[in-house]
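Peer 1: Structure supplied as entry_5.cif; contents: mmCIF, C-alpha atoms.
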data_data
loop_
_atom_site.label_atom_id
_atom_site.label_comp_id
_atom_site.auth_asym_id
_atom_site.auth_seq_id
_atom_site.Cartn_x
_atom_site.Cartn_y
_atom_site.Cartn_z
CA MET A 774 17.54 48.60 -121.11
CA LEU A 775 14.30 50.49 -120.44
CA LYS A 776 13.12 53.42 -118.34
CA ALA A 777 9.73 54.80 -117.33
CA VAL A 778 8.59 58.37 -116.74
CA ILE A 779 5.44 59.10 -114.72
CA LEU A 780 4.01 62.61 -115.19
CA ILE A 781 2.51 63.59 -111.83
CA GLY A 782 1.49 67.22 -112.54
CA GLY A 783 1.47 69.78 -109.75
CA PRO A 784 -0.62 71.51 -107.10
CA GLN A 785 -2.25 73.85 -109.62
CA LYS A 786 -3.72 70.69 -111.14
CA GLY A 787 -6.07 68.38 -109.25
CA THR A 788 -8.50 71.19 -108.41
CA ARG A 789 -11.42 68.89 -109.27
CA PHE A 790 -10.02 66.54 -106.64
CA ARG A 791 -10.61 68.95 -103.77
CA PRO A 792 -11.09 68.75 -100.80
CA LEU A 793 -9.11 65.48 -100.90
CA SER A 794 -6.06 67.05 -102.59
CA PHE A 795 -5.73 69.57 -99.71
CA GLU A 796 -4.15 66.87 -97.51
CA VAL A 797 -2.02 64.83 -99.86
CA PRO A 798 -0.70 65.34 -103.42
CA LYS A 799 -3.26 63.81 -105.80
CA PRO A 800 -0.80 61.14 -107.10
CA LEU A 801 -0.48 59.80 -103.52
CA PHE A 802 -4.23 59.53 -102.90
CA PRO A 803 -5.02 55.90 -101.96
CA VAL A 804 -6.94 54.01 -104.66
CA ALA A 805 -7.75 50.39 -103.77
CA GLY A 806 -5.56 50.67 -100.67
CA VAL A 807 -2.32 51.94 -102.22
CA PRO A 808 -1.22 55.37 -103.54
CA MET A 809 -2.52 56.07 -107.06
CA ILE A 810 0.94 56.03 -108.69
CA GLN A 811 1.97 52.80 -106.95
CA HIS A 812 -0.18 50.95 -109.49
CA HIS A 813 1.93 52.56 -112.27
CA ILE A 814 5.20 51.72 -110.51
CA GLU A 815 4.16 48.08 -109.93
CA ALA A 816 3.36 47.72 -113.64
CA CYS A 817 6.68 49.29 -114.71
CA ALA A 818 8.69 47.15 -112.27
CA GLN A 819 7.28 43.98 -113.87
CA VAL A 820 8.64 44.86 -117.33
CA ALA A 821 11.84 42.91 -118.01
CA GLY A 822 14.86 45.22 -118.39
CA MET A 823 13.38 48.16 -116.47
CA GLN A 824 16.34 50.08 -115.00
CA GLU A 825 14.88 53.29 -113.56
CA ILE A 826 11.58 55.07 -112.92
CA LEU A 827 11.48 58.89 -113.02
CA LEU A 828 8.64 61.01 -111.66
CA ILE A 829 8.34 64.46 -113.25
CA GLY A 830 6.12 67.15 -111.76
CA PHE A 831 5.79 70.53 -110.12
CA TYR A 832 5.06 69.42 -106.54
CA GLN A 833 7.44 70.44 -103.77
CA PRO A 834 9.37 67.31 -102.70
CA ASP A 835 7.65 67.27 -99.30
CA GLU A 836 7.78 64.57 -96.62
CA PRO A 837 4.90 62.33 -97.88
CA LEU A 838 6.38 62.22 -101.40
CA THR A 839 9.93 61.58 -100.15
CA ARG A 840 8.73 58.86 -97.78
CA PHE A 841 6.72 57.19 -100.54
CA LEU A 842 9.70 57.20 -102.94
CA GLU A 843 12.02 55.68 -100.33
CA ALA A 844 9.53 52.91 -99.51
CA ALA A 845 8.85 52.21 -103.21
CA GLN A 846 12.59 51.97 -104.00
CA GLN A 847 13.02 49.36 -101.28
CA GLU A 848 9.91 47.40 -102.22
CA PHE A 849 10.63 47.22 -105.96
CA ASN A 850 14.43 47.26 -105.75
CA LEU A 851 14.62 49.91 -108.48
CA PRO A 852 15.96 53.48 -108.54
CA ILE A 853 12.90 55.77 -108.40
CA ARG A 854 13.67 59.51 -108.55
CA TYR A 855 11.59 62.66 -108.51
CA LEU A 856 12.58 65.48 -110.90
CA GLN A 857 10.93 68.78 -110.01
CA GLU A 858 10.09 71.23 -112.82
CA PHE A 859 11.01 74.89 -112.25
CA ALA A 860 7.54 75.86 -113.56
CA PRO A 861 4.57 73.86 -114.93
CA LEU A 862 5.85 72.74 -118.34
CA GLY A 863 2.88 70.84 -119.80
CA THR A 864 2.80 67.16 -120.70
CA GLY A 865 5.89 67.34 -122.93
CA GLY A 866 7.97 70.17 -121.45
CA GLY A 867 9.23 68.10 -118.52
CA LEU A 868 10.33 65.32 -120.86
CA TYR A 869 12.40 67.77 -122.90
CA HIS A 870 13.75 69.64 -119.86
CA PHE A 871 14.97 66.40 -118.23
CA ARG A 872 16.02 64.71 -121.50
CA ASP A 873 19.58 64.10 -120.27
CA GLN A 874 18.38 62.19 -117.19
CA ILE A 875 15.92 60.18 -119.30
CA LEU A 876 18.55 59.23 -121.90
CA ALA A 877 21.38 58.62 -119.39
CA GLY A 878 22.64 55.04 -119.74
CA GLY A 879 21.24 54.74 -123.29
CA PRO A 880 17.77 53.17 -122.92
CA GLU A 881 16.37 51.55 -126.08
CA ALA A 882 12.97 53.11 -125.24
CA PHE A 883 11.10 54.69 -122.34
CA PHE A 884 7.50 54.50 -121.18
CA VAL A 885 5.61 57.73 -120.41
CA LEU A 886 2.55 57.39 -118.15
CA ASN A 887 0.13 60.03 -116.93
CA ALA A 888 -0.42 59.65 -113.19
CA ASP A 889 -4.17 60.26 -113.30
CA VAL A 890 -5.16 57.16 -115.27
CA CYS A 891 -6.28 53.78 -113.99
CA SER A 892 -5.35 50.84 -116.20
CA ASP A 893 -4.11 47.27 -116.26
CA PHE A 894 -1.06 48.81 -118.04
CA PRO A 895 -0.30 46.37 -120.91
CA LEU A 896 3.31 47.60 -121.03
CA SER A 897 4.88 44.28 -122.08
CA ALA A 898 2.46 44.04 -125.03
CA MET A 899 3.39 47.60 -126.07
CA LEU A 900 7.09 46.71 -125.84
CA GLU A 901 6.55 43.64 -128.04
CA VAL A 902 4.82 45.80 -130.70
CA HIS A 903 7.63 48.37 -130.50
CA ARG A 904 10.38 45.77 -130.88
CA TYR A 905 8.63 44.13 -133.82
CA GLN A 906 8.29 47.48 -135.61
CA PRO A 907 10.16 50.35 -133.91
CA HIS A 908 8.73 53.88 -134.33
CA PRO A 909 9.41 57.08 -132.35
CA PHE A 910 5.94 57.16 -130.74
CA LEU A 911 3.62 54.33 -129.70
CA LEU A 912 0.35 55.37 -128.05
CA LEU A 913 -2.01 53.14 -126.08
CA GLY A 914 -5.57 53.56 -127.30
CA THR A 915 -8.99 52.27 -126.29
CA THR A 916 -12.51 52.76 -127.63
CA ALA A 917 -15.22 55.12 -126.39
CA ASN A 918 -18.76 55.85 -127.51
CA ARG A 919 -19.38 58.73 -129.93
CA THR A 920 -20.51 61.25 -127.31
CA GLN A 921 -17.80 60.59 -124.75
CA SER A 922 -14.99 60.48 -127.32
CA LEU A 923 -15.27 64.30 -127.49
CA ASN A 924 -13.82 64.51 -123.95
CA TYR A 925 -10.54 62.82 -124.94
CA GLY A 926 -7.76 62.92 -127.51
CA CYS A 927 -9.17 61.17 -130.61
CA ILE A 928 -7.07 58.98 -132.87
CA VAL A 929 -7.77 58.10 -136.52
CA GLU A 930 -5.67 55.03 -137.41
CA ASN A 931 -4.85 53.02 -140.49
CA PRO A 932 -6.60 49.73 -139.55
CA GLN A 933 -3.94 47.63 -141.34
CA THR A 934 -0.72 49.25 -140.09
CA HIS A 935 -2.10 51.02 -136.94
CA GLU A 936 -0.35 54.22 -137.96
CA VAL A 937 -1.95 57.35 -136.46
CA LEU A 938 -3.19 59.34 -139.47
CA HIS A 939 -4.94 62.12 -137.58
CA TYR A 940 -4.99 63.23 -133.93
CA VAL A 941 -7.33 65.81 -132.37
CA GLU A 942 -7.38 66.69 -128.67
CA LYS A 943 -10.97 67.03 -127.35
CA PRO A 944 -12.62 67.74 -130.73
CA SER A 945 -15.87 69.73 -130.99
CA THR A 946 -17.44 67.16 -133.35
CA PHE A 947 -17.04 63.39 -133.72
CA VAL A 948 -13.65 62.37 -135.16
CA SER A 949 -13.03 58.79 -134.04
CA ASP A 950 -14.11 56.31 -131.37
CA ILE A 951 -10.45 55.48 -130.61
CA ILE A 952 -9.16 57.60 -127.70
CA ASN A 953 -5.75 58.27 -126.20
CA CYS A 954 -5.15 56.46 -122.87
CA GLY A 955 -2.28 58.72 -121.74
CA ILE A 956 0.17 55.77 -121.73
CA TYR A 957 3.01 55.84 -124.26
CA LEU A 958 6.23 54.12 -125.34
CA PHE A 959 8.78 56.49 -126.89
CA SER A 960 12.09 55.74 -128.53
CA PRO A 961 14.97 58.21 -127.89
CA GLU A 962 14.29 59.85 -131.31
CA ALA A 963 10.92 61.02 -129.94
CA LEU A 964 12.75 63.84 -128.14
CA LYS A 965 13.78 65.46 -131.45
CA PRO A 966 10.26 66.74 -132.28
CA LEU A 967 10.07 68.08 -128.70
CA ARG A 968 13.28 70.02 -129.36
CA ASP A 969 11.75 71.45 -132.57
CA VAL A 970 8.68 72.64 -130.63
CA PHE A 971 10.90 74.17 -127.93
CA GLN A 972 12.99 76.06 -130.50
CA ARG A 973 9.87 77.24 -132.33
CA ASN A 974 8.38 78.45 -129.02
CA GLN A 975 11.62 80.28 -128.28
CA GLN A 976 11.58 82.04 -131.66
CA ASP A 977 7.91 82.99 -131.26
CA GLY A 978 8.64 84.28 -127.77
CA GLN A 979 11.60 86.37 -128.93
CA LEU A 980 9.41 88.07 -131.51
CA GLU A 981 7.01 89.04 -128.70
CA ASP A 982 9.60 89.67 -126.00
CA SER A 983 12.87 91.27 -127.09
CA SER A 984 14.67 90.23 -123.87
CA GLY A 985 14.78 86.64 -125.20
CA LEU A 986 13.89 85.25 -121.77
CA TRP A 987 10.40 84.15 -122.66
CA PRO A 988 9.24 81.76 -119.91
CA GLY A 989 6.68 79.91 -122.04
CA ALA A 990 9.26 78.34 -124.38
CA GLY A 991 9.61 75.29 -122.13
CA THR A 992 5.87 74.57 -122.11
CA ILE A 993 5.17 71.75 -124.55
CA ARG A 994 1.80 70.03 -124.89
CA LEU A 995 2.48 66.53 -126.16
CA GLU A 996 -1.02 66.12 -127.54
CA GLN A 997 -1.50 69.38 -129.48
CA ASP A 998 2.13 70.33 -130.25
CA VAL A 999 3.50 66.89 -131.11
CA PHE A 1000 0.84 64.24 -131.81
CA SER A 1001 -1.46 66.51 -133.86
CA ALA A 1002 1.49 67.93 -135.81
CA LEU A 1003 3.19 64.59 -136.59
CA ALA A 1004 0.10 62.46 -137.31
CA GLY A 1005 0.16 60.96 -140.79
CA GLN A 1006 3.95 61.21 -141.13
CA GLY A 1007 4.79 57.60 -140.27
CA GLN A 1008 6.11 58.43 -136.79
CA ILE A 1009 3.15 57.75 -134.46
CA TYR A 1010 1.43 54.38 -134.07
CA VAL A 1011 -1.32 53.14 -131.77
CA HIS A 1012 -1.72 49.89 -129.84
CA LEU A 1013 -5.35 49.17 -128.93
CA THR A 1014 -6.28 47.60 -125.61
CA ASP A 1015 -9.59 46.17 -124.43
CA GLY A 1016 -8.39 46.02 -120.81
CA ILE A 1017 -9.59 48.24 -117.97
CA TRP A 1018 -8.99 51.97 -118.34
CA SER A 1019 -10.38 55.12 -116.75
CA GLN A 1020 -9.24 58.67 -116.00
CA ILE A 1021 -8.99 59.80 -112.37
CA LYS A 1022 -9.89 63.49 -112.55
CA SER A 1023 -12.29 63.78 -109.61
CA ALA A 1024 -13.17 62.06 -106.34
CA GLY A 1025 -16.06 60.24 -108.06
CA SER A 1026 -13.70 58.78 -110.65
CA ALA A 1027 -11.29 57.70 -107.86
CA LEU A 1028 -14.09 55.59 -106.40
CA TYR A 1029 -14.74 54.01 -109.81
CA ALA A 1030 -10.99 53.40 -110.31
CA SER A 1031 -10.89 51.75 -106.88
CA ARG A 1032 -13.57 49.32 -108.08
CA LEU A 1033 -11.59 48.51 -111.26
CA TYR A 1034 -8.35 47.91 -109.35
CA LEU A 1035 -10.07 45.80 -106.64
CA SER A 1036 -11.52 43.54 -109.36
CA GLN A 1037 -8.05 43.40 -110.94
CA TYR A 1038 -6.60 42.20 -107.58
CA GLN A 1039 -8.36 38.85 -108.13
CA LEU A 1040 -5.62 38.16 -110.71
CA THR A 1041 -2.72 40.39 -109.65
CA HIS A 1042 -2.82 40.67 -105.84
CA PRO A 1043 -5.30 38.19 -104.31
CA GLU A 1044 -3.50 38.65 -100.97
CA ARG A 1045 -4.79 42.25 -100.80
CA LEU A 1046 -8.44 41.19 -100.85
CA ALA A 1047 -10.15 40.52 -97.51
CA LYS A 1048 -11.49 37.00 -96.95
CA HIS A 1049 -14.52 36.06 -94.90
CA THR A 1050 -13.22 34.49 -91.67
CA PRO A 1051 -15.15 33.07 -88.68
CA GLY A 1052 -15.59 35.82 -86.09
CA GLY A 1053 -14.66 38.50 -88.64
CA PRO A 1054 -16.82 41.02 -90.53
CA ARG A 1055 -19.06 39.85 -93.39
CA ILE A 1056 -17.33 40.46 -96.71
CA ARG A 1057 -19.34 40.89 -99.91
CA GLY A 1058 -17.42 41.18 -103.17
CA ASN A 1059 -13.99 42.85 -103.41
CA VAL A 1060 -12.84 44.56 -100.20
CA TYR A 1061 -9.42 45.87 -99.12
CA ILE A 1062 -8.81 46.20 -95.36
CA HIS A 1063 -5.51 47.61 -94.06
CA PRO A 1064 -3.93 45.21 -91.52
CA THR A 1065 -4.05 47.90 -88.79
CA ALA A 1066 -7.80 48.63 -89.17
CA LYS A 1067 -10.12 47.46 -86.37
CA VAL A 1068 -13.44 46.23 -87.74
CA ALA A 1069 -16.22 44.83 -85.52
CA PRO A 1070 -17.37 41.29 -86.44
CA SER A 1071 -20.98 42.35 -87.07
CA ALA A 1072 -19.97 44.92 -89.74
CA VAL A 1073 -21.00 44.17 -93.34
CA LEU A 1074 -18.51 45.40 -95.96
CA GLY A 1075 -18.59 45.50 -99.74
CA PRO A 1076 -18.64 45.39 -102.60
CA ASN A 1077 -15.92 47.86 -103.68
CA VAL A 1078 -14.72 49.00 -100.29
CA SER A 1079 -11.24 50.19 -99.34
CA ILE A 1080 -10.41 50.71 -95.65
CA GLY A 1081 -7.23 52.58 -94.75
CA GLU A 1082 -4.65 52.44 -91.98
CA GLY A 1083 -5.84 52.71 -88.35
CA VAL A 1084 -9.55 52.92 -89.22
CA THR A 1085 -12.01 51.90 -86.45
CA MET A 1086 -15.45 50.48 -87.23
CA GLY A 1087 -18.09 49.74 -84.61
CA GLU A 1088 -20.74 47.04 -84.45
CA GLY A 1089 -23.36 46.86 -87.19
CA VAL A 1090 -21.62 49.24 -89.62
CA ARG A 1091 -22.74 48.89 -93.26
CA LEU A 1092 -20.22 50.04 -95.86
CA ARG A 1093 -20.61 49.79 -99.64
CA GLU A 1094 -18.91 51.38 -102.69
CA SER A 1095 -16.77 53.64 -100.47
CA ILE A 1096 -13.24 54.59 -99.47
CA VAL A 1097 -12.49 55.18 -95.77
CA LEU A 1098 -9.16 56.93 -95.26
CA HIS A 1099 -6.44 56.70 -92.60
CA GLY A 1100 -7.57 57.10 -88.98
CA ALA A 1101 -11.31 57.56 -89.60
CA THR A 1102 -13.89 56.23 -87.11
CA LEU A 1103 -17.32 54.86 -88.01
CA GLN A 1104 -19.32 54.38 -84.81
CA GLU A 1105 -21.96 51.67 -84.24
CA HIS A 1106 -24.61 51.09 -86.91
CA THR A 1107 -23.46 53.82 -89.29
CA CYS A 1108 -24.30 53.33 -92.95
CA VAL A 1109 -21.87 54.68 -95.58
CA LEU A 1110 -22.72 54.27 -99.29
CA HIS A 1111 -21.00 55.74 -102.39
CA SER A 1112 -18.84 58.06 -100.28
CA ILE A 1113 -15.27 58.94 -99.35
CA VAL A 1114 -14.64 59.45 -95.62
CA GLY A 1115 -11.59 61.68 -95.07
CA TRP A 1116 -8.55 61.22 -92.86
CA GLY A 1117 -9.36 61.24 -89.13
CA SER A 1118 -13.08 61.93 -89.65
CA THR A 1119 -15.76 60.57 -87.29
CA VAL A 1120 -19.26 59.43 -88.24
CA GLY A 1121 -21.62 59.16 -85.23
CA ARG A 1122 -23.89 56.24 -84.27
CA TRP A 1123 -26.82 55.46 -86.58
CA ALA A 1124 -25.78 58.24 -88.98
CA ARG A 1125 -26.12 57.72 -92.74
CA VAL A 1126 -23.62 59.14 -95.22
CA GLU A 1127 -24.70 58.53 -98.80
CA GLY A 1128 -23.84 59.70 -102.30
CA THR A 1129 -25.15 59.07 -105.81
CA PRO A 1130 -22.91 56.98 -108.09
CA ASN A 1131 -21.95 58.48 -111.45
CA ASP A 1132 -20.77 55.25 -113.04
CA PRO A 1133 -20.46 54.55 -116.78
CA ASN A 1134 -23.53 53.07 -118.46
CA PRO A 1135 -23.30 49.31 -117.67
CA ASN A 1136 -25.17 48.48 -120.91
CA ASP A 1137 -22.53 50.16 -123.09
CA PRO A 1138 -19.20 48.28 -123.03
CA ARG A 1139 -17.44 51.34 -124.52
CA ALA A 1140 -18.77 53.83 -121.95
CA HIS A 1141 -16.37 55.66 -119.62
CA MET A 1142 -16.78 57.93 -116.62
CA ASP A 1143 -18.31 61.26 -117.59
CA SER A 1144 -16.11 64.19 -116.59
CA GLU A 1145 -18.47 65.42 -113.91
CA SER A 1146 -19.13 69.07 -113.37
CA LEU A 1147 -20.30 69.96 -109.87
CA PHE A 1148 -23.10 72.29 -110.95
CA LYS A 1149 -25.83 72.45 -113.58
CA ASP A 1150 -28.20 75.42 -113.90
CA GLY A 1151 -26.84 76.80 -110.63
CA LYS A 1152 -27.69 73.61 -108.70
CA LEU A 1153 -25.30 71.10 -107.16
CA LEU A 1154 -25.58 67.86 -109.13
CA PRO A 1155 -26.09 64.65 -107.13
CA ALA A 1156 -22.73 62.92 -106.83
CA ILE A 1157 -20.74 60.93 -104.32
CA THR A 1158 -20.51 62.37 -100.81
CA ILE A 1159 -17.05 63.51 -99.67
CA LEU A 1160 -16.03 64.23 -96.09
CA GLY A 1161 -12.77 66.19 -95.90
CA CYS A 1162 -10.22 65.44 -93.19
CA ARG A 1163 -11.21 65.59 -89.49
CA VAL A 1164 -14.91 66.15 -90.12
CA ARG A 1165 -17.28 65.20 -87.28
CA ILE A 1166 -20.75 63.93 -88.18
CA PRO A 1167 -23.14 63.71 -85.18
CA ALA A 1168 -25.29 60.68 -84.34
CA GLU A 1169 -28.52 59.96 -86.20
CA VAL A 1170 -28.19 62.45 -89.07
CA LEU A 1171 -28.26 62.06 -92.87
CA ILE A 1172 -25.54 63.53 -95.10
CA LEU A 1173 -26.68 63.04 -98.72
CA ASN A 1174 -24.92 64.07 -101.98
CA SER A 1175 -22.81 66.64 -100.12
CA ILE A 1176 -19.19 67.80 -99.92
CA VAL A 1177 -17.93 68.72 -96.46
CA LEU A 1178 -14.70 70.72 -96.31
CA PRO A 1179 -12.01 69.79 -93.75
CA HIS A 1180 -12.28 70.39 -89.97
CA LYS A 1181 -16.06 70.90 -89.93
CA GLU A 1182 -18.20 69.79 -87.00
CA LEU A 1183 -21.78 69.35 -88.20
CA SER A 1184 -24.83 69.51 -85.96
CA ARG A 1185 -27.64 68.46 -88.33
CA SER A 1186 -28.49 66.71 -91.61
CA PHE A 1187 -27.52 68.13 -95.03
CA THR A 1188 -28.67 67.26 -98.55
CA ASN A 1189 -27.15 68.44 -101.89
CA GLN A 1190 -24.84 71.01 -100.31
CA ILE A 1191 -21.20 72.06 -100.19
CA ILE A 1192 -20.48 72.78 -96.54
CA LEU A 1193 -17.71 75.36 -96.35
#
Just give me the structure of the file as structure tokens.
Peer 2:
Amino acid sequence: MLKAVILIGGPQKGTRFRPLSFEVPKPLFPVAGVPMIQHHIEACAQVAGMQEILLIGFYQPDEPLTRFLEAAQQEFNLPIRYLQEFAPLGTGGGLYHFRDQILAGGPEAFFVLNADVCSDFPLSAMLEVHRYQPHPFLLLGTTANRTQSLNYGCIVENPQTHEVLHYVEKPSTFVSDIINCGIYLFSPEALKPLRDVFQRNQQDGQLEDSSGLWPGAGTIRLEQDVFSALAGQGQIYVHLTDGIWSQIKSAGSALYASRLYLSQYQLTHPERLAKHTPGGPRIRGNVYIHPTAKVAPSAVLGPNVSIGEGVTMGEGVRLRESIVLHGATLQEHTCVLHSIVGWGSTVGRWARVEGTPNDPNPNDPRAHMDSESLFKDGKLLPAITILGCRVRIPAEVLILNSIVLPHKELSRSFTNQIIL
């Protein structure tokens, strides 16, 4: 019997995802046509023996989250519950706080997945490795180039046994080209080191605060407090994957993740990919179109395009490398490239909305998305264009490399600006 835990974070996280995270919790943002964490849930539901999926986070259980959980339970025929933390508890604190719910029913092991990763989730392969040689912690790892490895948790392994000998979170100098994917398989014994960290935090807190009610005791960082401390003690092992993997920290990385998932649909969900039909729009490459979207037959879509519920597209629209969200309208002959068009936004006739892709180096198979910063030397860096919700773009203007906050009505062209 198995369980899965998805760590979805909270509203104080996802700041790099603004203005898109203003409207919907980041884990519910649509990537390749479905909410980000639905990809995780689909992968977990396919593992034989999966009994329950738990979401742990600090979001209020609002209507969108509740509605999503109810729909997912029906679709996958699995209990899926949300456990809300009383305060942000770090990547490991929620696991320890809700240990009784995780261990209820006596699972042989449980998966732990970070919500903000895109992957083909080789969970069955990880389970096979765990059953062949059980250890408290099994981490999924992939390779990165020397420069980019500094942005991730770095793993030094024994190449014969795959034991993790050394673990450093975001090192300042090169440690290893194997990085942590944020996808784990833990046995029930893995909670004991979390308890040790909790008790140590409590003791440290009591020394500082004589009341004994130190709030930080429950905050446990899996990477620094557990993996770094236990590396080299025969408890942590790594399983390497060469499948797709990327972090989803910003809107630009959501667009890249959408491309990875759409290409994955060729194998996993061919029914989600739009086909070229007589009298329908021209489809180039991998495109997802929601069944309720209205797209004019002379539109040209793709590659890497995701079109949400109730979207309307006029004649002659050109759309490439973009996500168009629920209820948006693209009027005749608009051109949208490398952009995200927000919920209910309108782009006027003959307008052009364009961004600059920040994709990994295609000549380096180990390259990943750079964690983009918005500014360099006081200037806004060229990046994808984002229109927040209910933005109105007038006819015949150019919006280039810009971020438009929600509910703005523009009257002219903008380049390299954040429009507040």
Peer 1: If we count all atoms listed in the file, what is near A:Phe959 at a cut-off of 8 Å, once residues fewer than 3 positions away on the same chain are taken out, given as a PyMOL selection string?
Peer 2: chain A and resi 882-885+908-911+962-963
Peer 1: Tell me, as a ChimeraX atom specification, which residues lie within 10 Å of stretch 1046-1052 of chain A, counting all atoms listed in the file; anything in the same chain fewer than 3 positions away does not count.
Peer 2: /A:805-806,1035-1036,1038-1039,1042-1043,1055-1064,1069-1071,1074,1079
Peer 1: Compare A:Pro803, A:His870, A:Tyr925, A:Met774 by their minimum atom-to-atom distance to A:Met823, counting only C-alpha atoms, and give me the closest one.
Peer 2: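 Between A:Pro803, A:His870, A:Tyr925, A:Met774, the residue approaching A:Met823 most closely is A:Met774.
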Peer 1: Which one is closest to A:Gln857: A:Gly782, A:Gly822, A:Gly1089, A:Gly1005? Count all atoms listed in the file.
Peer 2: A:Gly782
Peer 1: I want to know what sits within 6 Å of A:Gly865, based on all atoms listed in the file, with residues of the same chain fewer than 4 positions away left out; could you give that as a PDB file with C-alpha atoms, in the coordinates of the input?
Peer 2:
ATOM      1  CA  ILE A 993       5.170  71.750-124.550  1.00  0.00           C
ATOM      2  CA  ARG A 994       1.800  70.030-124.890  1.00  0.00           C
ATOM      3  CA  LEU A 995       2.480  66.530-126.160  1.00  0.00           C
TER       4      LEU A 995
END
Peer 1: What lies within 9 Å of stretch 891-897 of chain A using all atoms listed in the file, ignoring chain neighbours under 2 positions off, as a ChimeraX atom specification?
Peer 2: /A:809,812-813,816-817,819-821,884,888-889,899-902,913,954,956-958,1014,1016-1021,1027,1030-1031,1033-1034,1037
Peer 1: Closest to A:Ala1072 among A:Leu801, A:Val1097, A:Ala1156, A:Cys1108, using only C-alpha atoms?
Peer 2: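 Smallest separation from A:Ala1072 among the options: A:Cys1108.
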Peer 1: Need to verify the contact set: A:Gln997, 9 Å, all atoms listed in the file, exclusion of same-chain residues closer than 4 positions in sequence. Can you return it as a ChimeraX atom specification?
Peer 2: /A:940-942,993,1001-1002
Peer 1: Nearest to A:Leu775 among A:Ile814, A:Leu1173, A:Ile875, A:Ala860, with distances taken over only C-alpha atoms: which residue is it?
Peer 2: A:Ile875
